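> Contents of data.cif (mmCIF, C-alpha atoms) are below:
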data_target
loop_
_atom_site.label_atom_id
_atom_site.label_comp_id
_atom_site.auth_asym_id
_atom_site.auth_seq_id
_atom_site.Cartn_x
_atom_site.Cartn_y
_atom_site.Cartn_z
CA MET A 13 -98.29 53.57 -59.62
CA LEU A 14 -95.34 55.94 -59.09
CA ARG A 15 -97.62 58.72 -57.83
CA LYS A 16 -99.20 56.34 -55.32
CA ARG A 17 -95.78 55.20 -54.11
CA ILE A 18 -94.73 58.81 -53.56
CA GLN A 19 -97.96 59.63 -51.74
CA ALA A 20 -97.57 56.63 -49.43
CA ALA A 21 -93.94 57.58 -48.73
CA LEU A 22 -94.83 61.20 -47.98
CA PHE A 23 -97.37 60.01 -45.43
CA GLY A 24 -95.49 57.10 -43.84
CA LEU A 25 -91.87 58.22 -43.66
CA PRO A 26 -92.55 61.45 -41.71
CA LEU A 27 -94.43 59.43 -39.09
CA ILE A 28 -91.39 57.22 -38.53
CA PHE A 29 -88.96 60.12 -38.27
CA ILE A 30 -91.35 62.16 -36.10
CA SER A 31 -91.54 59.20 -33.70
CA LEU A 32 -87.74 59.08 -33.57
CA TYR A 33 -87.58 62.82 -32.85
CA LEU A 34 -90.14 62.37 -30.05
CA ASN A 35 -87.95 59.58 -28.67
CA TYR A 36 -84.98 61.96 -28.64
CA TYR A 37 -87.06 64.77 -27.11
CA LEU A 38 -88.38 62.59 -24.29
CA ARG A 39 -84.99 61.02 -23.59
CA SER A 40 -83.25 64.41 -23.46
CA ARG A 41 -85.74 65.47 -20.77
CA GLY A 42 -85.26 62.39 -18.65
CA SER A 43 -88.59 60.75 -19.43
CA SER A 44 -89.06 57.10 -18.46
CA ILE A 45 -91.13 56.49 -21.61
CA ASP A 46 -88.55 57.82 -24.06
CA ASP A 47 -88.80 54.86 -26.46
CA TRP A 48 -92.59 54.62 -26.63
CA PRO A 49 -93.15 56.72 -29.79
CA LEU A 50 -90.95 54.35 -31.81
CA PHE A 51 -92.39 51.34 -30.00
CA ILE A 52 -95.94 52.29 -31.02
CA ILE A 53 -94.96 52.78 -34.68
CA LEU A 54 -93.13 49.46 -34.72
CA MET A 55 -96.11 47.69 -33.17
CA VAL A 56 -98.35 49.06 -35.92
CA ILE A 57 -95.90 47.86 -38.58
CA GLY A 58 -95.46 44.50 -36.88
CA GLY A 59 -99.15 43.89 -36.22
CA ALA A 60 -100.18 44.82 -39.75
CA SER A 61 -97.40 42.67 -41.23
CA GLY A 62 -98.36 39.71 -39.05
CA TRP A 63 -101.96 40.07 -40.22
CA GLU A 64 -100.74 40.06 -43.83
CA VAL A 65 -98.61 36.94 -43.23
CA ALA A 66 -101.78 35.17 -42.13
CA ASN A 67 -103.59 36.64 -45.15
CA VAL A 68 -101.04 35.05 -47.50
CA VAL A 69 -101.34 31.72 -45.68
CA ARG A 70 -105.13 32.03 -45.88
CA ASN A 71 -104.89 32.05 -49.66
CA ARG A 72 -103.35 28.57 -49.35
CA TYR A 73 -105.44 27.43 -46.37
CA PRO A 74 -108.82 29.25 -46.57
CA GLY A 75 -109.71 28.61 -42.93
CA ALA A 76 -106.58 30.26 -41.48
CA SER A 77 -107.11 32.89 -38.79
CA LEU A 78 -105.79 36.36 -39.57
CA TRP A 79 -105.73 37.25 -35.87
CA ASN A 80 -103.16 34.58 -35.04
CA GLY A 81 -100.64 36.36 -37.26
CA LEU A 82 -101.20 39.63 -35.42
CA TYR A 83 -100.96 38.02 -31.96
CA THR A 84 -97.69 36.26 -32.84
CA ALA A 85 -96.05 39.32 -34.39
CA LEU A 86 -96.79 41.47 -31.30
CA LEU A 87 -95.76 38.91 -28.68
CA ILE A 88 -91.97 39.16 -28.91
CA PRO A 89 -91.82 43.01 -29.08
CA PHE A 90 -93.89 43.24 -25.88
CA ILE A 91 -91.46 40.87 -24.12
CA VAL A 92 -88.31 42.53 -25.47
CA HIS A 93 -89.61 46.00 -24.60
CA ALA A 94 -90.28 44.85 -21.04
CA VAL A 95 -86.82 43.40 -20.43
CA ARG A 96 -84.71 45.71 -22.56
CA VAL A 97 -82.02 46.48 -19.97
CA GLY A 98 -78.26 46.28 -20.09
CA GLU A 99 -78.11 43.10 -18.00
CA VAL A 100 -80.18 41.22 -20.59
CA PHE A 101 -79.20 42.48 -24.03
CA PRO A 102 -75.60 43.32 -24.93
CA GLY A 103 -74.85 46.82 -26.14
CA ILE A 104 -77.87 48.49 -24.52
CA VAL A 105 -77.16 51.79 -22.77
CA THR A 106 -79.45 51.96 -19.73
CA THR A 107 -79.56 54.99 -17.46
CA THR A 108 -81.90 56.13 -14.72
CA ASN A 109 -83.65 58.26 -17.34
CA SER A 110 -84.33 55.40 -19.75
CA ARG A 111 -85.32 52.62 -17.40
CA ILE A 112 -88.82 51.38 -18.02
CA SER A 113 -91.32 52.78 -15.52
CA GLY A 114 -93.61 50.55 -13.51
CA ALA A 115 -96.64 51.58 -15.55
CA ALA A 116 -94.86 50.84 -18.84
CA LEU A 117 -93.70 47.47 -17.52
CA LEU A 118 -97.28 46.68 -16.54
CA VAL A 119 -98.51 47.52 -20.05
CA ASP A 120 -95.83 45.32 -21.62
CA SER A 121 -96.57 42.44 -19.24
CA LEU A 122 -100.31 42.63 -19.83
CA GLY A 123 -99.76 42.91 -23.58
CA ALA A 124 -97.47 39.87 -23.72
CA THR A 125 -99.82 37.84 -21.51
CA ALA A 126 -102.81 38.77 -23.66
CA MET A 127 -101.01 37.83 -26.87
CA ILE A 128 -100.00 34.43 -25.44
CA MET A 129 -103.52 33.64 -24.26
CA LEU A 130 -105.24 34.80 -27.44
CA LEU A 131 -102.74 32.97 -29.63
CA PHE A 132 -103.14 29.76 -27.62
CA LEU A 133 -106.93 29.93 -27.88
CA GLY A 134 -106.79 30.76 -31.58
CA VAL A 135 -104.44 27.89 -32.44
CA TRP A 136 -106.40 25.49 -30.23
CA ALA A 137 -109.65 26.38 -32.00
CA ASP A 138 -108.04 25.96 -35.44
CA VAL A 139 -106.64 22.53 -34.58
CA GLU A 140 -109.93 21.44 -33.02
CA ASN A 141 -111.92 22.53 -36.08
CA ARG A 142 -109.56 21.58 -38.92
CA GLY A 143 -107.18 18.99 -37.54
CA LYS A 144 -103.99 18.61 -39.59
CA ASP A 145 -104.81 21.62 -41.76
CA GLY A 146 -105.15 23.70 -38.60
CA ILE A 147 -101.67 22.59 -37.53
CA LYS A 148 -100.11 23.24 -40.93
CA GLU A 149 -101.57 26.72 -41.38
CA ASN A 150 -100.56 27.80 -37.88
CA LEU A 151 -97.01 26.53 -38.31
CA TRP A 152 -96.72 28.98 -41.23
CA ILE A 153 -98.55 31.79 -39.45
CA VAL A 154 -96.67 31.46 -36.15
CA GLY A 155 -93.34 31.06 -37.95
CA GLY A 156 -93.93 34.16 -40.06
CA GLY A 157 -95.25 36.13 -37.09
CA LEU A 158 -92.22 35.26 -34.95
CA TYR A 159 -89.91 36.29 -37.80
CA ILE A 160 -91.56 39.71 -37.93
CA GLY A 161 -91.76 40.13 -34.17
CA ILE A 162 -88.11 39.23 -33.62
CA SER A 163 -87.04 41.51 -36.45
CA ILE A 164 -88.80 44.64 -35.21
CA SER A 165 -87.59 43.86 -31.68
CA PHE A 166 -84.04 44.34 -32.97
CA VAL A 167 -85.03 47.85 -34.09
CA LEU A 168 -85.99 48.55 -30.47
CA LEU A 169 -82.66 47.15 -29.31
CA LEU A 170 -80.81 49.24 -31.87
CA GLN A 171 -82.50 52.36 -30.49
CA GLY A 172 -81.24 51.46 -27.03
CA MET A 173 -77.58 51.34 -28.07
CA LEU A 174 -74.97 54.08 -27.81
CA TYR A 175 -76.22 56.12 -30.77
CA HIS A 176 -79.89 55.74 -29.86
CA GLU A 177 -82.15 57.19 -32.59
CA LEU A 178 -79.27 57.82 -34.99
CA GLY A 179 -78.67 54.10 -35.45
CA VAL A 180 -82.35 53.57 -36.32
CA VAL A 181 -82.31 56.56 -38.68
CA MET A 182 -79.31 55.08 -40.47
CA LEU A 183 -81.08 51.72 -40.83
CA PHE A 184 -84.27 53.25 -42.23
CA VAL A 185 -82.49 55.70 -44.53
CA VAL A 186 -80.27 53.00 -46.02
CA ILE A 187 -83.17 50.54 -46.45
CA PHE A 188 -85.59 53.04 -47.97
CA GLY A 189 -82.86 54.63 -50.11
CA MET A 190 -81.79 51.22 -51.41
CA ASP A 191 -85.38 50.23 -52.26
CA THR A 192 -86.01 53.52 -54.04
CA ALA A 193 -82.76 53.38 -56.02
CA ALA A 194 -83.36 49.76 -57.01
CA TYR A 195 -86.84 50.67 -58.27
CA PHE A 196 -85.73 53.61 -60.42
CA VAL A 197 -82.50 52.05 -61.70
CA GLY A 198 -84.38 48.90 -62.60
CA LYS A 199 -87.05 50.86 -64.48
CA ARG A 200 -84.46 53.01 -66.27
CA PHE A 201 -81.99 50.33 -67.39
CA GLY A 202 -84.02 47.14 -67.30
CA GLY A 203 -81.92 44.21 -68.47
CA ALA A 204 -81.57 40.70 -67.13
CA LYS A 205 -83.84 39.60 -64.33
CA LEU A 206 -82.40 38.84 -60.91
CA LEU A 207 -84.53 35.82 -59.97
CA PRO A 208 -87.54 35.74 -62.29
CA GLN A 209 -88.93 32.58 -60.68
CA LEU A 210 -89.37 34.53 -57.43
CA SER A 211 -89.80 38.16 -58.51
CA PRO A 212 -90.36 38.76 -62.23
CA LYS A 213 -89.84 42.54 -62.06
CA LYS A 214 -86.54 42.70 -60.16
CA THR A 215 -83.50 43.18 -62.37
CA ILE A 216 -79.78 42.74 -61.78
CA ALA A 217 -79.25 46.40 -62.66
CA GLY A 218 -81.79 47.45 -60.03
CA ALA A 219 -80.18 45.24 -57.39
CA VAL A 220 -76.70 46.62 -58.11
CA GLY A 221 -77.99 50.20 -58.20
CA GLY A 222 -79.72 49.75 -54.87
CA LEU A 223 -76.63 48.23 -53.32
CA VAL A 224 -74.38 51.07 -54.52
CA PHE A 225 -76.81 53.66 -53.21
CA ALA A 226 -76.99 51.90 -49.83
CA VAL A 227 -73.19 52.10 -49.50
CA LEU A 228 -73.10 55.76 -50.52
CA LEU A 229 -75.86 56.74 -48.12
CA SER A 230 -74.25 54.97 -45.18
CA ALA A 231 -70.87 56.57 -45.93
CA LEU A 232 -72.41 60.03 -45.49
CA PHE A 233 -73.32 59.54 -41.83
CA PRO A 234 -69.83 59.87 -40.26
CA LEU A 235 -69.06 62.79 -42.58
CA ILE A 236 -72.05 65.02 -41.82
CA PRO A 237 -70.80 67.90 -39.59
CA GLU A 238 -74.08 68.10 -37.67
CA ILE A 239 -73.78 64.44 -36.67
CA GLN A 240 -70.20 64.93 -35.52
CA ARG A 241 -71.26 67.98 -33.51
CA TYR A 242 -74.36 66.56 -31.79
CA VAL A 243 -73.44 62.87 -31.68
CA PRO A 244 -69.64 62.90 -31.37
CA ALA A 245 -69.55 59.25 -30.29
CA PHE A 246 -70.72 58.25 -33.76
CA ALA A 247 -67.80 59.92 -35.51
CA MET A 248 -65.46 58.67 -32.79
CA HIS A 249 -66.39 54.99 -33.05
CA ILE A 250 -67.50 54.52 -36.65
CA SER A 251 -65.30 55.67 -39.53
CA TRP A 252 -66.63 56.06 -43.04
CA PRO A 253 -65.16 52.69 -44.18
CA GLN A 254 -66.98 51.00 -41.29
CA ALA A 255 -70.15 52.86 -42.19
CA MET A 256 -69.79 51.67 -45.79
CA LEU A 257 -69.44 48.12 -44.49
CA ILE A 258 -72.70 48.57 -42.60
CA GLY A 259 -74.37 49.94 -45.73
CA LEU A 260 -73.05 47.13 -47.91
CA THR A 261 -74.20 44.45 -45.47
CA ILE A 262 -77.62 46.04 -44.93
CA GLY A 263 -77.99 46.36 -48.70
CA ILE A 264 -77.22 42.70 -49.34
CA VAL A 265 -79.31 41.34 -46.47
CA GLY A 266 -82.16 43.76 -47.19
CA GLN A 267 -82.44 42.52 -50.76
CA LEU A 268 -82.36 38.93 -49.51
CA GLY A 269 -85.26 39.84 -47.23
CA ASP A 270 -87.13 41.21 -50.22
CA LEU A 271 -86.57 37.97 -52.13
CA LEU A 272 -87.59 35.91 -49.10
CA GLU A 273 -90.90 37.73 -48.96
CA SER A 274 -91.34 37.27 -52.73
CA ALA A 275 -90.81 33.51 -52.29
CA PHE A 276 -93.40 33.47 -49.51
CA LYS A 277 -95.94 35.30 -51.67
CA ARG A 278 -95.21 32.96 -54.55
CA TRP A 279 -95.87 30.01 -52.22
CA GLY A 280 -99.14 31.63 -51.16
CA GLY A 281 -100.15 32.42 -54.73
CA VAL A 282 -100.58 36.20 -54.23
CA LYS A 283 -99.06 39.22 -55.95
CA ASP A 284 -99.16 41.56 -52.95
CA SER A 285 -99.43 40.79 -49.25
CA GLY A 286 -102.11 43.47 -48.85
CA ALA A 287 -103.42 46.78 -50.16
CA ALA A 288 -102.91 49.10 -47.18
CA LEU A 289 -100.10 51.12 -48.80
CA PRO A 290 -100.97 52.35 -52.30
CA GLY A 291 -98.22 51.71 -54.82
CA HIS A 292 -96.43 49.29 -52.50
CA GLY A 293 -99.05 46.70 -51.64
CA GLY A 294 -99.08 45.90 -47.94
CA TYR A 295 -96.87 46.52 -44.92
CA LEU A 296 -95.10 43.23 -45.54
CA ASP A 297 -94.27 44.37 -49.08
CA ARG A 298 -92.94 47.73 -47.87
CA PHE A 299 -90.88 46.57 -44.90
CA ASP A 300 -89.65 43.18 -46.17
CA SER A 301 -86.08 44.47 -46.49
CA LEU A 302 -86.15 45.92 -42.99
CA PHE A 303 -87.22 42.68 -41.32
CA LEU A 304 -84.10 40.76 -42.28
CA ALA A 305 -81.72 43.74 -42.10
CA ALA A 306 -82.59 44.91 -38.57
CA PRO A 307 -81.01 41.97 -36.67
CA VAL A 308 -77.89 42.16 -38.86
CA CYS A 309 -77.60 45.92 -38.30
CA TYR A 310 -77.81 45.42 -34.52
CA VAL A 311 -75.04 42.81 -34.61
CA LEU A 312 -72.86 45.09 -36.77
CA PHE A 313 -73.25 48.00 -34.37
CA LEU A 314 -72.55 45.68 -31.47
CA TRP A 315 -69.35 44.58 -33.17
CA LEU A 316 -68.20 48.06 -34.20
CA VAL A 317 -69.09 49.98 -31.02
CA LYS A 318 -66.22 49.36 -28.63
#
Would you put the structure from the file into structure tokens?

Amino acid sequence: MLRKRIQAALFGLPLIFISLYLNYYLRSRGSSIDDWPLFIILMVIGGASGWEVANVVRNRYPGASLWNGLYTALLIPFIVHAVRVGEVFPGIVTTTNSRISGAALLVDSLGATAMIMLLFLGVWADVENRGKDGIKENLWIVGGGLYIGISISFVLLLQGMLYHELGVVMLFVVIFGMDTAAYFVGKRFGGAKLLPQLSPKKTIAGAVGGLVFAVLLSALFPLIPEIQRYVPAFAMHISWPQAMLIGLTIGIVGQLGDLLESAFKRWGGVKDSGAALPGHGGYLDRFDSLFLAAPVCYVLFLWLVK
């Protein structure tokens, strides 16, 4: 199990950070598609997670459509990516270099329109064929898909703020570091369970260890000389106590997101949301902490960046 988790991390994490570097590279050269590498990665995560939401619901309602989860999860990111300008979302830094090109806007518009139409047809067919069950299953699927889509949209918004890719790096590092620390501390010390009725394996020791590690990781960001040299605005606006506050909040909310997903799986009667990521389960299992933490992280940066 541990070897599979490490293998999945060694494959997945570099893709995320490579996409963020490509974002930086394109933005530094004045490209109008500077946020597309991250956007594509987030759409893969969102689409796969939306599919898995529907898969969990399908275990409860066997006729549920997996595609409706994917359509719903991708709808909001397409819309947010199309209108992500300073006049619409607070805190976004928009320059002539980062404005969305006409071609990119066309892709977003076509994508959003396609998702709306396909989702409408899918839900209509389910309700026509299964009546009340079709309504019930799609309330769960659409609700879960919107939750995922809104969450990953906040990652896009975070990338558009003053610190650009650095804010997203901080979010991912803190979330992944917290999850890893919670796993190893929990296995090493064991002890009392956190909420055994929702997640039998999670321990209080693991939760505390993950939270402490999240705070420590976040506190490093304003202190790293390279960050102060290349992104001086970060060191100027966010002190290490503020960074620790961000880490503490992300740590708490991220673990709540993990428990929320555990409750959803328990409702659906499944152990894992999928099997796409060896050692983790599915995308929903791996990124459950991120989904709830991303909106909170955006709000925190919005509050702290003056």
> Dig up all the protein and nucleic acid residues within 10 Å of (-102.0, 39.9, -34.9) in the file frame, using all atoms listed in the file, and format them as a ChimeraX atom specification.
/A:55-56,58-66,77-87,127,130-131,153,157
> At a cut-off of 9 Å, using only C-alpha atoms, what residues contact Ala124 of chain A? Leave out same-chain residues fewer than 2 positions from it and give the result as an mmCIF file with C-alpha atoms, in the frame of the given file.

data_model
loop_
_atom_site.group_PDB
_atom_site.id
_atom_site.type_symbol
_atom_site.label_atom_id
_atom_site.label_comp_id
_atom_site.auth_asym_id
_atom_site.auth_seq_id
_atom_site.Cartn_x
_atom_site.Cartn_y
_atom_site.Cartn_z
ATOM 1 C CA LEU A 86 -96.790 41.470 -31.300
ATOM 2 C CA LEU A 87 -95.760 38.910 -28.680
ATOM 3 C CA ILE A 88 -91.970 39.160 -28.910
ATOM 4 C CA PRO A 89 -91.820 43.010 -29.080
ATOM 5 C CA PHE A 90 -93.890 43.240 -25.880
ATOM 6 C CA ILE A 91 -91.460 40.870 -24.120
ATOM 7 C CA VAL A 119 -98.510 47.520 -20.050
ATOM 8 C CA ASP A 120 -95.830 45.320 -21.620
ATOM 9 C CA SER A 121 -96.570 42.440 -19.240
ATOM 10 C CA LEU A 122 -100.310 42.630 -19.830
ATOM 11 C CA ALA A 126 -102.810 38.770 -23.660
ATOM 12 C CA MET A 127 -101.010 37.830 -26.870
ATOM 13 C CA ILE A 128 -100.000 34.430 -25.440
ATOM 14 C CA MET A 129 -103.520 33.640 -24.260
#
> So what do you get for atom CA of Ser163 of chain A versus atom CA of Leu207 of chain A, distance-wise?
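A separation of 24.3 Å between them.
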> Can you work out the spacing between atom CA of Ala305 of chain A and atom CA of Gly266 of chain A in Å, to one decimal?
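Between atom CA of Ala305 of chain A and atom CA of Gly266 of chain A the gap is 5.1 Å.
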> For segment 31-42 of chain A, find every residue with an atom within 9 Å (counting all atoms listed in the file), except residues of its own chain fewer than 4 positions away, and show them as a PyMOL selection string.
chain A and resi 26-27+46-53+108-110+176-178+180-181
> Closest to Asp297 of chain A among A:Ala193, A:Ile57, A:Leu260, A:Ile45, using only C-alpha atoms?
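Using only C-alpha atoms, Asp297 of chain A sits closest to A:Ile57.
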> My list of candidates is A:Ala204, A:Val92, A:Ile187, A:Val220. Which is closest to Asp270 of chain A when distances are computed with all atoms listed in the file?
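For Asp270 of chain A, the nearest of the candidates is A:Ile187.
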> Between atom CA of Ala275 of chain A and atom CA of Leu257 of chain A, what distance in Å does the model show, to one decimal?
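Atom CA of Leu257 of chain A lies 27.0 Å from atom CA of Ala275 of chain A.
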> With distances taken over only C-alpha atoms, which residue among A:Val185, A:Val68, A:Leu158, A:Val167 lies nearest Glu273 of chain A?
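Ranked by minimum distance to Glu273 of chain A, first place goes to A:Val68.
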